[in-house]
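**Student:** Just target_18.pdb, nothing more (PDB, C-alpha atoms):
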```
ATOM      1  CA  MET O1478     142.602  48.484  55.914
ATOM      2  CA  ARG O1479     140.498  51.349  54.597
ATOM      3  CA  GLN O1480     139.051  53.536  57.295
ATOM      4  CA  LYS O1481     135.434  54.642  57.190
ATOM      5  CA  ARG O1482     135.095  58.199  55.924
ATOM      6  CA  HIS O1483     133.019  60.748  57.779
ATOM      7  CA  TRP O1484     131.439  64.039  56.726
ATOM      8  CA  TYR O1485     134.283  65.950  58.384
ATOM      9  CA  ASP O1486     136.839  64.193  56.183
ATOM     10  CA  TYR O1487     135.649  66.401  53.341
ATOM     11  CA  LEU O1488     136.196  69.714  55.105
ATOM     12  CA  TRP O1489     139.298  70.317  52.985
ATOM     13  CA  ILE O1490     136.905  71.874  50.474
ATOM     14  CA  VAL O1491     136.461  74.830  52.836
ATOM     15  CA  THR O1492     139.982  76.161  52.156
ATOM     16  CA  PRO O1493     139.641  76.672  48.376
ATOM     17  CA  ILE O1494     136.052  77.880  48.768
ATOM     18  CA  TYR O1495     137.077  80.405  51.424
ATOM     19  CA  LEU O1496     139.994  81.754  49.397
ATOM     20  CA  GLY O1497     137.871  81.762  46.232
ATOM     21  CA  LEU O1498     134.933  83.614  47.825
ATOM     22  CA  GLY O1499     137.324  86.258  49.131
ATOM     23  CA  MET O1500     138.370  87.009  45.588
ATOM     24  CA  PHE O1501     134.791  87.841  44.615
ATOM     25  CA  ASN O1502     133.922  89.711  47.760
ATOM     26  CA  ILE O1503     136.502  90.441  50.417
ATOM     27  CA  LEU O1504     133.832  90.549  53.096
ATOM     28  CA  PHE O1505     133.721  86.740  52.985
ATOM     29  CA  ALA O1506     137.054  86.969  54.796
ATOM     30  CA  TRP O1507     135.043  87.413  57.981
ATOM     31  CA  LEU O1508     134.074  83.732  57.738
ATOM     32  CA  GLY O1509     137.677  82.967  58.658
ATOM     33  CA  MET O1510     136.839  83.987  62.201
ATOM     34  CA  ILE O1511     135.113  80.614  62.506
ATOM     35  CA  SER O1512     138.371  78.736  61.968
ATOM     36  CA  PHE O1513     140.067  81.253  64.232
ATOM     37  CA  SER O1514     137.746  81.034  67.214
ATOM     38  CA  LEU O1515     136.390  77.482  66.989
ATOM     39  CA  PRO O1516     139.713  75.705  67.797
ATOM     40  CA  LEU O1517     140.184  77.938  70.832
ATOM     41  CA  LEU O1518     136.631  77.403  72.056
ATOM     42  CA  ILE O1519     136.906  73.624  71.602
ATOM     43  CA  SER O1520     140.144  73.581  73.614
ATOM     44  CA  ILE O1521     138.853  75.901  76.310
ATOM     45  CA  PHE O1522     135.773  73.724  76.802
ATOM     46  CA  GLY O1523     137.805  70.525  77.086
ATOM     47  CA  GLY O1524     137.816  69.215  73.536
ATOM     48  CA  GLY O1525     141.608  69.238  73.338
ATOM     49  CA  LYS O1526     142.848  69.406  69.785
ATOM     50  CA  LEU O1527     139.719  67.937  68.286
ATOM     51  CA  TYR O1528     139.662  70.758  65.748
ATOM     52  CA  CYS O1529     143.199  69.993  64.520
ATOM     53  CA  ASN O1530     142.630  66.255  64.614
ATOM     54  CA  ARG O1531     139.283  66.206  62.890
ATOM     55  CA  PHE O1532     137.920  69.467  61.551
ATOM     56  CA  CYS O1533     140.876  71.538  60.342
ATOM     57  CA  ASP O1534     140.186  72.277  56.682
ATOM     58  CA  ARG O1535     143.695  73.522  56.022
ATOM     59  CA  GLY O1536     145.325  70.429  57.520
ATOM     60  CA  GLN O1537     143.089  68.232  55.390
ATOM     61  CA  PHE O1538     143.753  70.348  52.305
ATOM     62  CA  LEU O1539     147.519  70.046  52.801
ATOM     63  CA  SER O1540     147.169  66.294  53.391
ATOM     64  CA  LEU O1541     145.132  65.947  50.232
ATOM     65  CA  LEU O1542     147.682  67.798  48.113
ATOM     66  CA  GLY O1543     150.755  66.367  49.782
ATOM     67  CA  SER O1544     149.800  62.768  50.499
ATOM     68  CA  ARG O1545     147.039  61.821  48.098
ATOM     69  CA  LEU O1546     148.104  63.932  45.137
ATOM     70  CA  LYS O1547     151.757  63.393  46.047
ATOM     71  CA  LEU O1548     152.723  67.023  45.652
ATOM     72  CA  SER O1549     154.998  66.851  48.682
ATOM     73  CA  ARG O1550     158.631  65.802  48.642
ATOM     74  CA  ASN O1551     157.862  64.160  51.987
ATOM     75  CA  ARG O1552     161.209  65.083  53.512
ATOM     76  CA  PRO O1553     161.794  65.765  57.201
ATOM     77  CA  LEU O1554     161.420  69.361  58.288
ATOM     78  CA  PRO O1555     164.650  71.202  59.078
ATOM     79  CA  ARG O1556     165.584  70.971  62.738
ATOM     80  CA  TRP O1557     165.142  74.718  63.329
ATOM     81  CA  MET O1558     161.593  74.576  62.022
ATOM     82  CA  LYS O1559     160.683  71.932  64.592
ATOM     83  CA  HIS O1560     162.377  73.712  67.468
ATOM     84  CA  PRO O1561     160.053  75.056  70.190
ATOM     85  CA  ALA O1562     161.764  78.461  69.924
ATOM     86  CA  PHE O1563     160.623  78.768  66.314
ATOM     87  CA  ARG O1564     157.173  77.438  67.142
ATOM     88  CA  TYR O1565     156.567  79.874  69.980
ATOM     89  CA  GLY O1566     158.391  82.674  68.178
ATOM     90  CA  PHE O1567     156.077  82.239  65.194
ATOM     91  CA  LEU O1568     153.088  82.313  67.531
ATOM     92  CA  VAL O1569     154.265  85.613  69.047
ATOM     93  CA  PHE O1570     154.920  87.056  65.573
ATOM     94  CA  PHE O1571     151.534  85.893  64.319
ATOM     95  CA  LEU O1572     149.723  87.360  67.314
ATOM     96  CA  ALA O1573     151.636  90.627  66.888
ATOM     97  CA  MET O1574     150.522  90.801  63.260
ATOM     98  CA  PHE O1575     146.953  90.027  64.303
ATOM     99  CA  ALA O1576     147.093  92.765  66.955
ATOM    100  CA  ASN O1577     148.462  95.186  64.356
ATOM    101  CA  MET O1578     145.568  94.300  62.059
ATOM    102  CA  LEU O1579     143.112  95.027  64.864
ATOM    103  CA  TYR O1580     144.884  98.327  65.557
ATOM    104  CA  VAL O1581     144.593  99.394  61.915
ATOM    105  CA  THR O1582     140.916  98.392  61.968
ATOM    106  CA  TRP O1583     140.438 100.537  65.075
ATOM    107  CA  LEU O1584     142.182 103.491  63.407
ATOM    108  CA  VAL O1585     139.830 103.220  60.437
ATOM    109  CA  TRP O1586     136.832 102.920  62.763
ATOM    110  CA  ALA O1587     137.946 106.052  64.642
ATOM    111  CA  GLY O1588     138.392 107.951  61.385
ATOM    112  CA  ASN O1589     142.139 108.412  61.875
ATOM    113  CA  ARG O1590     143.103 106.410  58.845
ATOM    114  CA  ALA O1591     141.697 105.870  55.380
ATOM    115  CA  LEU O1592     140.549 102.419  54.352
ATOM    116  CA  GLY O1593     143.371 100.438  52.766
ATOM    117  CA  THR O1594     141.967  98.220  50.045
ATOM    118  CA  SER O1595     144.952  96.008  49.376
ATOM    119  CA  ILE O1596     145.908  92.454  50.254
ATOM    120  CA  LYS O1597     149.466  91.964  51.454
ATOM    121  CA  LEU O1598     151.323  88.696  51.183
ATOM    122  CA  LEU O1599     153.829  87.921  53.922
ATOM    123  CA  TRP O1600     152.885  91.269  55.468
ATOM    124  CA  THR O1601     155.005  92.980  52.799
ATOM    125  CA  PHE O1602     154.049  92.387  49.177
ATOM    126  CA  ARG O1603     150.893  93.942  47.806
ATOM    127  CA  VAL O1604     148.825  91.630  45.620
ATOM    128  CA  PRO O1605     148.675  93.507  42.316
ATOM    129  CA  TRP O1606     144.957  93.493  41.656
ATOM    130  CA  ALA O1607     141.935  95.340  42.940
ATOM    131  CA  TRP O1608     139.582  93.677  45.409
ATOM    132  CA  ALA O1609     135.863  94.077  45.414
ATOM    133  CA  TYR O1610     133.499  94.563  48.283
ATOM    134  CA  PRO O1611     130.256  95.275  46.494
ATOM    135  CA  VAL O1612     128.171  95.613  49.638
ATOM    136  CA  GLU O1613     127.849  98.888  51.521
ATOM    137  CA  VAL O1614     129.532  98.366  54.866
ATOM    138  CA  PRO O1615     131.279 100.639  57.359
ATOM    139  CA  PRO O1616     134.942 101.111  56.360
ATOM    140  CA  TRP O1617     136.269  99.326  59.451
ATOM    141  CA  VAL O1618     134.341  96.175  58.508
ATOM    142  CA  ALA O1619     136.052  96.174  55.107
ATOM    143  CA  GLN O1620     139.431  97.017  56.680
ATOM    144  CA  PHE O1621     139.234  94.020  58.985
ATOM    145  CA  ALA O1622     138.297  91.825  56.028
ATOM    146  CA  PHE O1623     141.301  92.987  53.995
ATOM    147  CA  GLY O1624     143.646  92.443  56.945
ATOM    148  CA  PHE O1625     142.218  89.073  57.852
ATOM    149  CA  TYR O1626     142.222  87.805  54.287
ATOM    150  CA  SER O1627     145.902  88.834  54.015
ATOM    151  CA  LEU O1628     146.621  86.796  57.135
ATOM    152  CA  MET O1629     144.740  83.748  55.873
ATOM    153  CA  LEU O1630     146.248  83.906  52.382
ATOM    154  CA  THR O1631     149.759  84.331  53.759
ATOM    155  CA  SER O1632     149.461  81.444  56.203
ATOM    156  CA  THR O1633     147.958  79.215  53.506
ATOM    157  CA  LEU O1634     150.845  80.093  51.217
ATOM    158  CA  ILE O1635     153.408  79.260  53.914
ATOM    159  CA  GLY O1636     151.577  75.975  54.524
ATOM    160  CA  LEU O1637     151.685  75.120  50.820
ATOM    161  CA  VAL O1638     155.416  75.858  50.551
ATOM    162  CA  VAL O1639     156.213  73.743  53.628
ATOM    163  CA  MET O1640     153.932  71.003  52.271
ATOM    164  CA  ALA O1641     155.714  70.965  48.918
ATOM    165  CA  LEU O1642     159.244  71.096  50.315
ATOM    166  CA  TYR O1643     158.825  68.927  53.396
ATOM    167  CA  LYS O1644     155.959  66.948  54.954
ATOM    168  CA  PRO O1645     152.312  67.373  53.861
ATOM    169  CA  ARG O1646     151.274  68.664  57.265
ATOM    170  CA  GLY O1647     154.529  70.431  58.056
ATOM    171  CA  TRP O1648     152.558  73.625  58.689
ATOM    172  CA  CYS O1649     150.950  71.937  61.717
ATOM    173  CA  VAL O1650     154.321  71.886  63.487
ATOM    174  CA  PHE O1651     154.288  75.668  63.919
ATOM    175  CA  CYS O1652     150.652  76.551  63.201
ATOM    176  CA  PRO O1653     149.799  79.328  65.686
ATOM    177  CA  MET O1654     146.301  77.960  66.276
ATOM    178  CA  GLY O1655     147.697  74.492  66.952
ATOM    179  CA  THR O1656     150.276  75.917  69.324
ATOM    180  CA  MET O1657     147.629  77.866  71.232
ATOM    181  CA  THR O1658     145.225  74.948  71.461
ATOM    182  CA  GLN O1659     147.998  72.628  72.642
ATOM    183  CA  LEU O1660     148.992  75.147  75.328
ATOM    184  CA  ILE O1661     145.369  75.359  76.487
ATOM    185  CA  SER O1662     145.084  71.555  76.411
ATOM    186  CA  ARG O1663     148.249  71.202  78.479
ATOM    187  CA  LEU O1664     146.929  73.617  81.059
ATOM    188  CA  ARG O1665     143.649  71.744  81.245
ATOM    189  CA  ALA O1666     145.189  68.269  81.304
ATOM    190  CA  GLY O1667     147.727  68.956  84.033
ATOM    191  CA  ARG O1668     150.246  66.252  84.800
ATOM    192  CA  PRO O1669     149.463  62.919  83.159
ATOM    193  CA  ALA O1670     148.281  60.592  85.894
ATOM    194  CA  GLU O1671     149.724  57.539  84.241
ATOM    195  CA  ALA O1672     153.233  58.918  83.959
ATOM    196  CA  GLY O1673     154.363  56.832  86.861
ATOM    197  CA  CYS O1674     157.978  57.202  85.868
ATOM    198  CA  GLY O1675     158.060  60.731  87.280
ATOM    199  CA  GLY O1676     159.010  62.377  84.026
ATOM    200  CA  SER O1677     156.868  64.308  81.616
ATOM    201  CA  CYS O1678     154.921  61.684  79.714
ATOM    202  CA  ALA O1679     155.855  61.733  76.057
ATOM    203  CA  SER O1680     154.246  58.440  75.147
ATOM    204  CA  CYS O1681     157.299  56.253  75.507
ATOM    205  CA  THR O1682     154.946  53.255  75.238
ATOM    206  CA  ALA O1683     156.454  51.692  78.338
ATOM    207  CA  CYS O1684     153.190  52.089  80.288
ATOM    208  CA  THR O1685     150.999  50.228  77.828
ATOM    209  CA  LEU O1686     153.649  47.636  77.178
ATOM    210  CA  SER O1687     154.122  46.819  80.813
ATOM    211  CA  ARG O1688     150.582  47.298  82.098
ATOM    212  CA  GLY O1689     148.437  46.835  79.037
ATOM    213  CA  THR O1690     146.115  49.610  80.118
ATOM    214  CA  GLU O1691     143.487  51.138  77.882
ATOM    215  CA  GLN O1692     144.309  54.682  76.964
ATOM    216  CA  GLU O1693     142.121  57.603  77.705
ATOM    217  CA  GLY O1694     141.430  59.265  74.401
ATOM    218  CA  GLU O1695     139.203  61.818  72.802
TER     219      GLU O1695
ATOM    220  CA  MET R 999     150.822  37.555  68.874
ATOM    221  CA  PRO R1000     152.313  41.046  69.313
ATOM    222  CA  SER R1001     154.547  42.434  66.594
ATOM    223  CA  LYS R1002     158.286  42.541  67.061
ATOM    224  CA  ARG R1003     158.399  46.281  66.587
ATOM    225  CA  VAL R1004     156.407  49.053  68.175
ATOM    226  CA  ALA R1005     156.003  52.781  67.591
ATOM    227  CA  ARG R1006     157.025  55.313  70.185
ATOM    228  CA  VAL R1007     156.220  59.016  70.309
ATOM    229  CA  GLY R1008     159.083  61.150  71.523
ATOM    230  CA  ARG R1009     159.169  64.675  72.870
ATOM    231  CA  GLY R1010     157.993  67.462  70.609
ATOM    232  CA  CYS R1011     154.673  65.946  69.514
ATOM    233  CA  VAL R1012     152.369  68.728  68.293
ATOM    234  CA  ALA R1013     149.254  66.546  68.624
ATOM    235  CA  CYS R1014     148.128  67.262  65.068
ATOM    236  CA  GLY R1015     146.642  63.793  64.736
ATOM    237  CA  SER R1016     148.267  62.894  61.395
ATOM    238  CA  CYS R1017     149.458  59.609  62.882
ATOM    239  CA  VAL R1018     145.980  58.731  64.141
ATOM    240  CA  LYS R1019     144.553  58.955  60.631
ATOM    241  CA  VAL R1020     147.087  56.644  59.032
ATOM    242  CA  CYS R1021     147.270  53.988  61.746
ATOM    243  CA  PRO R1022     145.681  50.845  60.230
ATOM    244  CA  VAL R1023     144.810  49.320  63.597
ATOM    245  CA  GLY R1024     143.713  52.390  65.557
ATOM    246  CA  ALA R1025     146.567  52.053  68.021
ATOM    247  CA  ILE R1026     147.198  55.787  68.356
ATOM    248  CA  GLN R1027     145.118  58.400  70.088
ATOM    249  CA  VAL R1028     145.719  62.028  70.900
ATOM    250  CA  TRP R1029     145.617  62.276  74.681
ATOM    251  CA  LYS R1030     143.566  65.315  75.753
ATOM    252  CA  GLY R1031     145.031  67.415  72.970
ATOM    253  CA  VAL R1032     148.483  67.222  74.538
ATOM    254  CA  GLU R1033     150.290  64.455  72.687
ATOM    255  CA  ALA R1034     149.799  61.323  70.635
ATOM    256  CA  ARG R1035     150.022  58.055  72.532
ATOM    257  CA  VAL R1036     150.555  54.595  71.180
ATOM    258  CA  ASP R1037     148.797  51.567  72.582
ATOM    259  CA  GLY R1038     151.708  49.186  72.569
ATOM    260  CA  ASN R1039     149.429  46.164  72.693
ATOM    261  CA  ARG R1040     147.695  47.055  69.452
ATOM    262  CA  CYS R1041     150.593  48.567  67.531
ATOM    263  CA  VAL R1042     151.787  46.352  64.685
ATOM    264  CA  GLY R1043     154.976  48.351  64.078
ATOM    265  CA  CYS R1044     154.117  49.227  60.478
ATOM    266  CA  ALA R1045     155.761  52.675  60.846
ATOM    267  CA  ARG R1046     153.124  54.497  58.809
ATOM    268  CA  CYS R1047     152.716  56.940  61.686
ATOM    269  CA  ALA R1048     156.449  57.634  61.687
ATOM    270  CA  GLY R1049     156.358  58.367  57.974
ATOM    271  CA  GLU R1050     153.424  60.755  58.345
ATOM    272  CA  CYS R1051     154.481  62.629  61.494
ATOM    273  CA  PRO R1052     155.401  66.197  60.449
ATOM    274  CA  ALA R1053     157.329  66.786  63.653
ATOM    275  CA  GLY R1054     159.377  63.625  63.106
ATOM    276  CA  VAL R1055     159.005  62.500  66.701
ATOM    277  CA  ILE R1056     157.758  58.949  66.116
ATOM    278  CA  ASP R1057     160.204  56.124  65.805
ATOM    279  CA  VAL R1058     159.633  52.415  65.598
ATOM    280  CA  LYS R1059     161.801  50.221  67.751
ATOM    281  CA  ALA R1060     162.136  46.605  68.719
ATOM    282  CA  ARG R1061     159.646  45.732  71.435
ATOM    283  CA  GLU R1062     162.357  44.384  73.742
ATOM    284  CA  GLU R1063     164.071  47.754  73.771
ATOM    285  CA  LEU R1064     161.021  49.406  75.312
ATOM    286  CA  ALA R1065     159.623  46.753  77.637
TER     287      ALA R1065
END
```
Would you put the structure from the file into structure tokens?
**Tutor:**
Amino acid sequence: MRQKRHWYDYLWIVTPIYLGLGMFNILFAWLGMISFSLPLLISIFGGGKLYCNRFCDRGQFLSLLGSRLKLSRNRPLPRWMKHPAFRYGFLVFFLAMFANMLYVTWLVWAGNRALGTSIKLLWTFRVPWAWAYPVEVPPWVAQFAFGFYSLMLTSTLIGLVVMALYKPRGWCVFCPMGTMTQLISRLRAGRPAEAGCGGSCASCTACTLSRGTEQEGE
Amino acid sequence: MPSKRVARVGRGCVACGSCVKVCPVGAIQVWKGVEARVDGNRCVGCARCAGECPAGVIDVKAREELA
């Protein structure tokens, strides 16, 4: 059965456009703040993981490449990659890198550091070409753009590698935004009311099988 | 008549919603952004969700095992 397609099913286009625009003018990297703040805002205001489930351009892009274009081996992820320790460890690492990027931006703003006009992959390797920002902006604005674009390019690259080697949306298992929004959703949801068994409800299906209740969804 | 097999979401669901998109009968929903849940009455046990789940936490079992 073919499901009806909605406008948001085409948001995958945002990923290549975003990365492409950044190559012409690094200041477009600032647009990435939308996909950084929107998932958090949706979760905070009770939308759960609606962003991941419906609007995430990267998730859709990886699905498109991995599932529809069959560029994924479609193998299970290694056990360590699915372990909560890795998931939360990656979140801490990612946030530390984000904080470092903000610190560098602050140093440039304060005049204690010169603007660094390079993009780094995996926080280590400099991309060997010059990047343009043909609009006059304060140096800290450009610094943030360079740092943020590095972050977005690196995470996209990791997502593509995991997609190719394992499952199309393997990145989602340890995506820092997904981890944060799920934590917020858990805090908001509290203990599932219908988990009458006393344990943490992990959708064992027993409830709906025995009671036939309608689920509360998004 | 309900299918003989039914999907079940185990611990470790990241609520990404991949399973929701591939379910042909709309039997899966993401509950409040916390986890995916299967409506056992609607599930036809096709296992597409299990194949799509990146976290590998969905398995499809015989209905009698879960009832």
**Student:** Residues proximal to (153.6, 41.5, 68.4) were defined as those with any atom within 8 Å of that point in the file's coordinates, counting all atoms listed in the file. Which are they, as a JSON list (two decimals) with C-alpha atoms, in the frame of the given file?
**Tutor:**
```
[["chain", "number", "residue", "atom", "x", "y", "z"],
["R", 999, "MET", "CA", 150.82, 37.56, 68.87],
["R", 1000, "PRO", "CA", 152.31, 41.05, 69.31],
["R", 1001, "SER", "CA", 154.55, 42.43, 66.59],
["R", 1002, "LYS", "CA", 158.29, 42.54, 67.06],
["R", 1003, "ARG", "CA", 158.40, 46.28, 66.59],
["R", 1039, "ASN", "CA", 149.43, 46.16, 72.69],
["R", 1041, "CYS", "CA", 150.59, 48.57, 67.53],
["R", 1042, "VAL", "CA", 151.79, 46.35, 64.68],
["R", 1061, "ARG", "CA", 159.65, 45.73, 71.44]]
```
**Student:** Can you write out as JSON lines which residues of chain R fall within 12 Å of range 1500-1521 of chain O, alongside each residue's closest atom pair and its distance in Å to one decimal, counting all atoms listed in the file and ordering rows by chain and ascending residue number?
**Tutor:**
```
{"residue": "R:Lys1030", "atom": "CA", "partner": "O:Ser1520", "partner_atom": "CA", "distance": 9.2}
{"residue": "R:Gly1031", "atom": "CA", "partner": "O:Ser1520", "partner_atom": "CA", "distance": 7.9}
{"residue": "R:Val1032", "atom": "CA", "partner": "O:Ser1520", "partner_atom": "CA", "distance": 10.5}
```
**Student:** Now that the selection is made, can you save its residues with C-alpha atoms as a short mmCIF file (atom, residue, chain, number, x, y, z; two decimals), in the coordinates of the input?
**Tutor:**
```cif
data_model
loop_
_atom_site.label_atom_id
_atom_site.label_comp_id
_atom_site.auth_asym_id
_atom_site.auth_seq_id
_atom_site.Cartn_x
_atom_site.Cartn_y
_atom_site.Cartn_z
CA LYS R 1030 143.57 65.32 75.75
CA GLY R 1031 145.03 67.42 72.97
CA VAL R 1032 148.48 67.22 74.54
#
```
**Student:** Dump as an NGL selection string the residues of chain R that approach chain O to within 8 Å, counting only C-alpha atoms.
**Tutor:** :R and (1005-1016 or 1022 or 1027-1039 or 1050-1054 or 1064-1065)
**Student:** Quick one: everything within 12 Å of Leu1584 in chain O, counting all atoms listed in the file, minus sequence neighbours fewer than 5 positions away in the same chain. Send it as a PyMOL selection string.
**Tutor:** chain O and resi 1577-1579+1589-1593+1616-1618+1620-1621
**Student:** Would you compute the distance between CA of Ala1573 in chain O and CA of Gly1636 in chain O? Give it in Å to one decimal.
**Tutor:** 19.2 Å
**Student:** Could you check how far CA of Ala1025 in chain R sits from CA of Val1004 in chain R, in Å to one decimal?
**Tutor:**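 Separating CA of Ala1025 in chain R from CA of Val1004 in chain R is a distance of 10.3 Å.
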**Student:** Enclose all atoms of range 1523-1526 of chain O listed in the file in an axis-aligned box, grow every side by 8 Å, and hand back centre and edge lengths in Å to one decimal, as JSON.
**Tutor:**
```
{"center_x": 140.3, "center_y": 69.9, "center_z": 73.4, "size_x": 21.0, "size_y": 17.3, "size_z": 23.3}
```
**Student:** Any idea what the distance is between CA of Cys1017 in chain R and CA of Gly1566 in chain O?
**Tutor:**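 Separating CA of Cys1017 in chain R from CA of Gly1566 in chain O is a distance of 25.3 Å.
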**Student:** Which is closer to Met1629 in chain O than all the others in O:Phe1571, O:Phe1602, O:Phe1522, O:Tyr1485, using all atoms listed in the file?
**Tutor:**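 Comparing O:Phe1571, O:Phe1602, O:Phe1522, O:Tyr1485 against Met1629 in chain O, the winner is O:Phe1571.
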